[in-house]
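S.K.: So here's target_24.pdb (PDB, C-alpha atoms and all ligand atoms).
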ATOM      1  CA  MET A   1     138.454 126.317 104.377
ATOM      2  CA  VAL A   2     136.063 127.008 107.238
ATOM      3  CA  ALA A   3     136.054 130.694 106.347
ATOM      4  CA  ASP A   4     135.322 129.901 102.688
ATOM      5  CA  GLU A   5     132.367 127.714 103.627
ATOM      6  CA  ILE A   6     130.966 130.373 105.946
ATOM      7  CA  ARG A   7     131.213 133.034 103.256
ATOM      8  CA  ARG A   8     129.737 130.758 100.614
ATOM      9  CA  LEU A   9     126.786 129.851 102.839
ATOM     10  CA  HIS A  10     126.116 133.473 103.720
ATOM     11  CA  GLU A  11     126.059 134.234  99.982
ATOM     12  CA  GLU A  12     123.773 131.330  99.151
ATOM     13  CA  LEU A  13     121.292 131.724 101.978
ATOM     14  CA  PRO A  14     118.318 133.888 101.033
ATOM     15  CA  GLU A  15     117.813 137.057 103.016
ATOM     16  CA  GLY A  16     116.064 136.395 106.281
ATOM     17  CA  VAL A  17     117.468 132.887 106.739
ATOM     18  CA  ARG A  18     119.875 132.742 109.658
ATOM     19  CA  LEU A  19     122.851 130.419 109.847
ATOM     20  CA  VAL A  20     123.715 128.479 112.986
ATOM     21  CA  ALA A  21     127.227 127.029 112.649
ATOM     22  CA  VAL A  22     127.012 123.684 114.432
ATOM     23  CA  SER A  23     130.398 123.377 116.073
ATOM     24  CA  LYS A  24     129.926 120.342 118.325
ATOM     25  CA  PHE A  25     132.999 118.106 118.509
ATOM     26  CA  HIS A  26     135.130 120.736 116.778
ATOM     27  CA  PRO A  27     137.983 122.597 118.476
ATOM     28  CA  VAL A  28     137.908 126.276 119.381
ATOM     29  CA  GLU A  29     140.448 127.011 116.612
ATOM     30  CA  ALA A  30     137.884 125.936 114.031
ATOM     31  CA  LEU A  31     135.199 128.059 115.675
ATOM     32  CA  MET A  32     137.565 131.048 115.637
ATOM     33  CA  GLU A  33     138.089 130.632 111.889
ATOM     34  CA  ALA A  34     134.335 130.858 111.462
ATOM     35  CA  TYR A  35     134.156 133.782 113.873
ATOM     36  CA  ASP A  36     136.841 135.668 111.956
ATOM     37  CA  ALA A  37     134.821 135.110 108.787
ATOM     38  CA  GLY A  38     131.925 136.908 110.468
ATOM     39  CA  GLN A  39     129.967 134.038 112.000
ATOM     40  CA  ARG A  40     128.505 134.857 115.408
ATOM     41  CA  CYS A  41     125.931 132.166 116.009
ATOM     42  CA  PHE A  42     127.135 128.701 117.027
ATOM     43  CA  GLY A  43     125.257 125.528 117.897
ATOM     44  CA  GLU A  44     126.363 123.030 120.520
ATOM     45  CA  SER A  45     124.658 119.856 121.662
ATOM     46  CA  ARG A  46     126.403 118.977 124.927
ATOM     47  CA  VAL A  47     126.355 121.135 128.035
ATOM     48  CA  GLN A  48     129.883 120.274 129.145
ATOM     49  CA  GLU A  49     131.347 121.094 125.738
ATOM     50  CA  LEU A  50     129.387 124.346 125.609
ATOM     51  CA  PHE A  51     130.792 125.383 128.976
ATOM     52  CA  GLU A  52     134.330 124.690 127.800
ATOM     53  CA  LYS A  53     133.855 126.798 124.676
ATOM     54  CA  ILE A  54     132.058 129.812 126.122
ATOM     55  CA  PRO A  55     135.086 131.242 127.981
ATOM     56  CA  ALA A  56     137.385 130.394 125.071
ATOM     57  CA  MET A  57     135.391 132.396 122.533
ATOM     58  CA  PRO A  58     134.667 136.142 122.227
ATOM     59  CA  ALA A  59     131.801 137.434 124.324
ATOM     60  CA  ASP A  60     129.593 138.434 121.395
ATOM     61  CA  VAL A  61     129.061 134.844 120.268
ATOM     62  CA  LYS A  62     125.433 133.768 120.369
ATOM     63  CA  TRP A  63     125.221 130.192 121.604
ATOM     64  CA  HIS A  64     122.368 127.972 120.540
ATOM     65  CA  PHE A  65     121.825 124.754 122.425
ATOM     66  CA  ILE A  66     120.577 122.113 119.989
ATOM     67  CA  GLY A  67     120.954 118.785 121.815
ATOM     68  CA  HIS A  68     118.772 116.873 124.204
ATOM     69  CA  LEU A  69     118.883 118.822 127.455
ATOM     70  CA  GLN A  70     118.786 116.737 130.599
ATOM     71  CA  THR A  71     116.714 118.218 133.373
ATOM     72  CA  ASN A  72     119.628 118.039 135.819
ATOM     73  CA  LYS A  73     121.624 120.414 133.559
ATOM     74  CA  VAL A  74     118.964 123.086 133.242
ATOM     75  CA  ARG A  75     120.019 125.181 136.207
ATOM     76  CA  GLN A  76     123.587 125.414 134.886
ATOM     77  CA  ILE A  77     122.667 126.398 131.345
ATOM     78  CA  ILE A  78     120.183 129.149 132.192
ATOM     79  CA  GLY A  79     121.579 132.556 131.229
ATOM     80  CA  LYS A  80     124.277 131.084 128.987
ATOM     81  CA  THR A  81     122.405 130.717 125.688
ATOM     82  CA  ALA A  82     120.828 133.010 123.129
ATOM     83  CA  LEU A  83     118.396 130.229 122.233
ATOM     84  CA  ILE A  84     117.629 126.707 123.425
ATOM     85  CA  GLU A  85     116.377 125.096 120.220
ATOM     86  CA  SER A  86     115.674 121.656 121.599
ATOM     87  CA  VAL A  87     112.869 121.904 124.142
ATOM     88  CA  ASP A  88     111.394 118.456 123.698
ATOM     89  CA  SER A  89     108.933 118.092 126.577
ATOM     90  CA  GLU A  90     106.601 120.188 128.650
ATOM     91  CA  ARG A  91     108.412 119.058 131.779
ATOM     92  CA  LEU A  92     111.668 120.474 130.427
ATOM     93  CA  LEU A  93     109.945 123.684 129.378
ATOM     94  CA  ASP A  94     108.419 124.186 132.824
ATOM     95  CA  LEU A  95     111.751 123.556 134.475
ATOM     96  CA  ILE A  96     113.491 126.051 132.180
ATOM     97  CA  ASP A  97     110.818 128.556 133.101
ATOM     98  CA  ARG A  98     111.165 127.977 136.820
ATOM     99  CA  GLU A  99     114.952 128.223 136.748
ATOM    100  CA  SER A 100     114.863 131.300 134.515
ATOM    101  CA  GLU A 101     112.523 133.071 136.866
ATOM    102  CA  ARG A 102     114.709 132.117 139.812
ATOM    103  CA  ALA A 103     117.781 133.488 138.011
ATOM    104  CA  GLY A 104     115.976 136.647 136.943
ATOM    105  CA  VAL A 105     116.464 136.102 133.208
ATOM    106  CA  VAL A 106     114.228 135.404 130.238
ATOM    107  CA  THR A 107     115.182 132.295 128.266
ATOM    108  CA  ARG A 108     114.405 132.110 124.568
ATOM    109  CA  VAL A 109     113.478 128.660 123.310
ATOM    110  CA  LEU A 110     112.188 126.722 120.326
ATOM    111  CA  MET A 111     109.824 123.796 120.625
ATOM    112  CA  GLN A 112     111.346 120.721 119.031
ATOM    113  CA  VAL A 113     108.778 118.887 116.972
ATOM    114  CA  HIS A 114     109.148 115.248 116.081
ATOM    115  CA  VAL A 115     108.008 114.394 112.571
ATOM    116  CA  ALA A 116     110.746 112.004 111.482
ATOM    117  CA  ARG A 117     109.779 108.395 111.881
ATOM    118  CA  GLU A 118     112.836 107.236 113.819
ATOM    119  CA  GLU A 119     112.315 106.008 117.343
ATOM    120  CA  THR A 120     115.404 107.685 118.717
ATOM    121  CA  LYS A 121     114.529 111.294 118.030
ATOM    122  CA  PHE A 122     113.261 113.626 120.708
ATOM    123  CA  GLY A 123     110.508 116.166 120.441
ATOM    124  CA  PHE A 124     106.834 116.917 120.782
ATOM    125  CA  LEU A 125     104.556 114.936 118.508
ATOM    126  CA  PRO A 126     102.618 117.301 116.238
ATOM    127  CA  GLU A 127      99.364 116.574 118.084
ATOM    128  CA  GLU A 128     101.027 117.169 121.465
ATOM    129  CA  LEU A 129     102.372 120.491 120.283
ATOM    130  CA  MET A 130      99.009 121.560 118.882
ATOM    131  CA  ALA A 131      97.316 120.587 122.146
ATOM    132  CA  TYR A 132      99.827 122.665 124.081
ATOM    133  CA  PHE A 133      98.935 125.764 122.076
ATOM    134  CA  THR A 134      95.229 124.996 121.794
ATOM    135  CA  ASP A 135      95.058 124.865 125.590
ATOM    136  CA  ARG A 136      97.198 128.018 125.709
ATOM    137  CA  ARG A 137      99.414 126.442 128.328
ATOM    138  CA  PHE A 138     102.178 128.900 127.374
ATOM    139  CA  GLU A 139     100.232 131.541 129.287
ATOM    140  CA  SER A 140     101.582 130.095 132.519
ATOM    141  CA  LEU A 141     105.197 130.772 131.495
ATOM    142  CA  LYS A 142     106.780 133.611 133.414
ATOM    143  CA  ALA A 143     110.347 133.806 132.159
ATOM    144  CA  THR A 144     110.429 131.855 128.917
ATOM    145  CA  HIS A 145     109.850 133.173 125.424
ATOM    146  CA  ILE A 146     108.804 130.561 122.880
ATOM    147  CA  CYS A 147     110.251 131.874 119.602
ATOM    148  CA  GLY A 148     109.189 129.120 117.220
ATOM    149  CA  VAL A 149     109.833 125.511 116.313
ATOM    150  CA  MET A 150     112.811 123.325 115.492
ATOM    151  CA  GLY A 151     112.708 120.031 113.681
ATOM    152  CA  MET A 152     114.644 117.422 111.802
ATOM    153  CA  ALA A 153     113.692 115.433 108.753
ATOM    154  CA  SER A 154     113.897 111.662 108.572
ATOM    155  CA  ASN A 155     117.396 110.342 108.103
ATOM    156  CA  THR A 156     116.922 108.970 104.599
ATOM    157  CA  ASP A 157     118.118 109.405 101.012
ATOM    158  CA  ASP A 158     114.494 109.723  99.960
ATOM    159  CA  MET A 159     114.461 113.460  99.311
ATOM    160  CA  GLU A 160     110.717 113.559  98.741
ATOM    161  CA  ARG A 161     110.307 112.151 102.212
ATOM    162  CA  VAL A 162     112.672 114.782 103.611
ATOM    163  CA  ARG A 163     110.739 117.490 101.805
ATOM    164  CA  ARG A 164     107.454 116.249 103.238
ATOM    165  CA  ASP A 165     108.904 116.257 106.759
ATOM    166  CA  PHE A 166     110.030 119.875 106.350
ATOM    167  CA  ALA A 167     106.662 120.852 104.911
ATOM    168  CA  GLU A 168     104.998 119.272 107.937
ATOM    169  CA  ILE A 169     107.185 121.204 110.373
ATOM    170  CA  ARG A 170     106.432 124.448 108.556
ATOM    171  CA  SER A 171     102.722 123.677 108.528
ATOM    172  CA  ILE A 172     102.736 123.049 112.287
ATOM    173  CA  PHE A 173     104.429 126.436 112.744
ATOM    174  CA  ASN A 174     101.781 128.088 110.546
ATOM    175  CA  ARG A 175      98.940 126.414 112.431
ATOM    176  CA  VAL A 176     100.274 127.581 115.797
ATOM    177  CA  ASN A 177     100.447 131.116 114.452
ATOM    178  CA  GLU A 178      96.859 130.915 113.209
ATOM    179  CA  LEU A 179      95.681 129.393 116.467
ATOM    180  CA  CYS A 180      97.459 131.964 118.638
ATOM    181  CA  PRO A 181      97.861 135.162 116.616
ATOM    182  CA  ASP A 182      98.623 136.989 119.860
ATOM    183  CA  LEU A 183     101.830 134.953 120.433
ATOM    184  CA  ARG A 184     104.494 137.586 120.094
ATOM    185  CA  GLY A 185     107.830 136.844 118.476
ATOM    186  CA  PHE A 186     106.831 133.348 117.427
ATOM    187  CA  ASP A 187     108.700 133.681 114.147
ATOM    188  CA  THR A 188     111.433 131.064 113.897
ATOM    189  CA  VAL A 189     111.395 127.840 111.906
ATOM    190  CA  SER A 190     114.712 126.083 112.495
ATOM    191  CA  MET A 191     115.186 123.236 110.046
ATOM    192  CA  GLY A 192     117.814 122.060 107.589
ATOM    193  CA  MET A 193     121.313 120.678 108.140
ATOM    194  CA  SER A 194     124.359 120.099 105.909
ATOM    195  CA  GLY A 195     122.704 117.602 103.589
ATOM    196  CA  ASP A 196     119.279 119.142 103.275
ATOM    197  CA  TRP A 197     119.360 122.838 104.080
ATOM    198  CA  GLN A 198     118.395 123.942 100.549
ATOM    199  CA  LEU A 199     115.327 121.741 100.679
ATOM    200  CA  ALA A 200     114.467 123.079 104.136
ATOM    201  CA  VAL A 201     114.718 126.676 102.928
ATOM    202  CA  GLU A 202     112.486 125.861  99.962
ATOM    203  CA  GLU A 203     109.938 124.506 102.438
ATOM    204  CA  GLY A 204     109.993 127.609 104.618
ATOM    205  CA  SER A 205     112.922 127.371 107.025
ATOM    206  CA  ASN A 206     114.342 130.661 108.285
ATOM    207  CA  MET A 207     117.117 129.170 110.424
ATOM    208  CA  VAL A 208     119.480 126.441 109.239
ATOM    209  CA  ARG A 209     121.846 124.455 111.458
ATOM    210  CA  VAL A 210     124.894 123.487 109.447
ATOM    211  CA  GLY A 211     127.841 121.565 110.882
ATOM    212  CA  SER A 212     129.888 119.180 108.767
ATOM    213  CA  LEU A 213     129.531 121.242 105.606
ATOM    214  CA  ILE A 214     131.404 124.036 107.400
ATOM    215  CA  PHE A 215     133.749 122.220 109.745
ATOM    216  CA  GLY A 216     134.219 118.852 108.032
ATOM    217  CA  PRO A 217     133.464 115.467 109.559
ATOM    218  CA  ARG A 218     133.226 115.253 113.367
ATOM    219  CA  GLN A 219     135.742 113.192 115.341
ATOM    220  CA  TYR A 220     133.603 111.495 117.970
TER
HETATM  221  C1  LIG A 301     124.659 117.873 114.665
HETATM  222  C2  LIG A 301     123.384 118.580 114.408
HETATM  223  C3  LIG A 301     123.227 119.398 113.279
HETATM  224  C4  LIG A 301     124.279 119.584 112.197
HETATM  225  O1  LIG A 301     124.411 118.421 111.420
HETATM  226  P1  LIG A 301     125.318 118.443 110.092
HETATM  227  O2  LIG A 301     124.790 117.312 109.306
HETATM  228  O3  LIG A 301     126.720 118.232 110.543
HETATM  229  O4  LIG A 301     125.130 119.730 109.410
HETATM  230  C5  LIG A 301     122.032 120.094 113.152
HETATM  231  N1  LIG A 301     121.046 119.974 114.064
HETATM  232  C6  LIG A 301     121.175 119.196 115.149
HETATM  233  C7  LIG A 301     120.040 119.135 116.116
HETATM  234  C8  LIG A 301     122.330 118.468 115.359
HETATM  235  O5  LIG A 301     122.427 117.692 116.441
END
Represent the structure contained in this file as structure tokens.
M.R.:
Amino acid sequence: MVADEIRRLHEELPEGVRLVAVSKFHPVEALMEAYDAGQRCFGESRVQELFEKIPAMPADVKWHFIGHLQTNKVRQIIGKTALIESVDSERLLDLIDRESERAGVVTRVLMQVHVAREETKFGFLPEELMAYFTDRRFESLKATHICGVMGMASNTDDMERVRRDFAEIRSIFNRVNELCPDLRGFDTVSMGMSGDWQLAVEEGSNMVRVGSLIFGPRQY
């Protein structure tokens, strides 16, 4: 089942669009089924759960952190991830940078941008993100590589609304690239989940984060 979904997704995804298998709340056995089907990139949203899974999975797994990262967990997580997709404040970014420098590693991150209208979602507002790059504040980073943006669409059945949210995320990414053409490796647009990944890809996503479509419903 899991293996079939992984293979089907890899067939359906256009070239250049990477798949993050979102494995939060699923047991290691399920992750191993995906791994055996060729999946190497997994997304987790809780630090504790990530730390339980890392030693239980093969060493070549690339772990993406996709949840809200509390500042008191930053020191622990540094060096453990291939990508932190959910940098949602400048304070968090600066802390990641400080701890990465201290640990002697470079941490790759995405800036989470908040376009959905729900109150509960984390992320930079579009204008905050543009101000960050307009002021070129990234130049002060010593051990952090900003690789692109991550975003979520509004949680609604209104697919035109979802499409507009994705288009906005992509347009923010494009504007940052125009504003700072010297930003190297700023190439990732992570958007699209189980229910909307096709739409996200149509609107310019090159990284989708798919959970329940692969692993089934989560048992919270
Ligand atoms: C849980 C989660 C996903 C995956 O959601 P599905 O609907 O199960 O595909 C993607 N992105 C983030 C940030 C998540 O927290």
S.K.: Rank A:Leu83, A:Leu31, A:Cys147, A:Val22 by their smallest atom-to-atom distance to ligand LIG 301 (chain A), using all atoms listed in the file, and report the top residue only.
M.R.: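 So, comparing all the options, the nearest one is A:Val22.
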S.K.: Given the file shown, determine the residues that the PyMOL selection byres (((chain A and resi 45) around 7) and not hetatm) selects; report them as an MDAnalysis selection string.
M.R.: chainID A and resid 24 43:44 46:47 65:67
S.K.: Apply the PyMOL selection byres (((not hetatm)) within 9 of (chain A and resi 301)) to the displayed file and report the matching residues as number ranges by chain.
M.R.: A: 20-24, 43-45, 65-68, 85-86, 150-152, 190-197, 208-218
S.K.: Which distance in Å separates atom CA of A:Ala37 and atom CA of A:Arg7, to one decimal?
M.R.: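 Spanning atom CA of A:Ala37 to atom CA of A:Arg7 is a straight-line distance of 6.9 Å.
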S.K.: Find the distance between atom CA of A:Ile96 and atom CA of A:Arg75 and write it in Å to one decimal.
M.R.: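 Answer for the atom CA of A:Ile96 to atom CA of A:Arg75 separation: 7.7 Å.
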S.K.: I'd like the residues picked by the PyMOL selection byres (((chain A and resi 206) around 6) and not hetatm) written out as a PyMOL selection string, using the chain letters and numbers from the file.
M.R.: chain A and resi 17+189+205+207
S.K.: Selected residues, C-alpha atoms, written as an mmCIF file, in the frame of the given file, please.
M.R.:
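Heads up, here's the output in result36.cif:
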data_model
loop_
_atom_site.group_PDB
_atom_site.id
_atom_site.type_symbol
_atom_site.label_atom_id
_atom_site.label_comp_id
_atom_site.auth_asym_id
_atom_site.auth_seq_id
_atom_site.Cartn_x
_atom_site.Cartn_y
_atom_site.Cartn_z
ATOM 1 C CA VAL A 17 117.468 132.887 106.739
ATOM 2 C CA VAL A 189 111.395 127.840 111.906
ATOM 3 C CA SER A 205 112.922 127.371 107.025
ATOM 4 C CA MET A 207 117.117 129.170 110.424
#
S.K.: Around stretch 103-117 of chain A, with edges along x, y and z and 5 Å added on all six sides, what centre and edge lengths do you get, in Å to one decimal, as AutoDock Vina command-line options?
M.R.:
--center_x 112.9 --center_y 122.5 --center_z 124.7 --size_x 19.8 --size_y 38.3 --size_z 36.5
S.K.: List every residue of stretch 9-113 of chain A that has an atom at most 8 Å from any atom of stretch 127-142 of chain A, giving for each one its closest atom pair and the distance in Å to one decimal, counting all atoms listed in the file, sorted by chain and then by ascending residue number, as a tab-separated table.
M.R.:
residue	atom	partner	partner_atom	distance
A:Asp94	CA	A:Leu141	CA	7.5
A:Asp97	CA	A:Leu141	CA	6.3
A:Arg98	CA	A:Lys142	CA	7.9
A:Glu101	CA	A:Lys142	CA	6.7
A:Val113	CA	A:Leu129	CA	7.4
S.K.: Between A:Val105, A:Met57, A:Ala200, A:Ile6, single out the one closest to A:Gly79, counting only C-alpha atoms.
M.R.: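 Nearest to A:Gly79: A:Val105.
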S.K.: What's around A:Glu202 at 10 Å? Count only C-alpha atoms, leave out sequence neighbours fewer than 4 positions away in its own chain, and write the answer as a PyMOL selection string.
M.R.: chain A and resi 14+163+166-167+197-198+206
S.K.: Please report the interatomic distance between atom CA of A:Arg170 and atom CA of A:Gly204 in Å with one decimal.
M.R.: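 Between atom CA of A:Arg170 and atom CA of A:Gly204 the gap works out to 6.2 Å.
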S.K.: Hey, which of A:Val61, A:Leu50, A:Ala34, A:Ala143 ends up closest to A:Leu95? Count only C-alpha atoms.
M.R.: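 Looking only at the distances to A:Leu95, the closest residue turns out to be A:Ala143.
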S.K.: Check the smallest atom-to-atom distance from each of A:Leu199, A:Met32, A:Glu118, A:Arg175 to A:Met159 using only C-alpha atoms, then report the winner.
M.R.: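 The closest residue to A:Met159 is A:Leu199.
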S.K.: So, counting all atoms listed in the file, which residue among A:Val106, A:Met111, A:Ala153, A:Val201 is closest to A:Phe173?
M.R.: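 When distances to A:Phe173 are compared using all atoms listed in the file, the smallest one comes from A:Met111.
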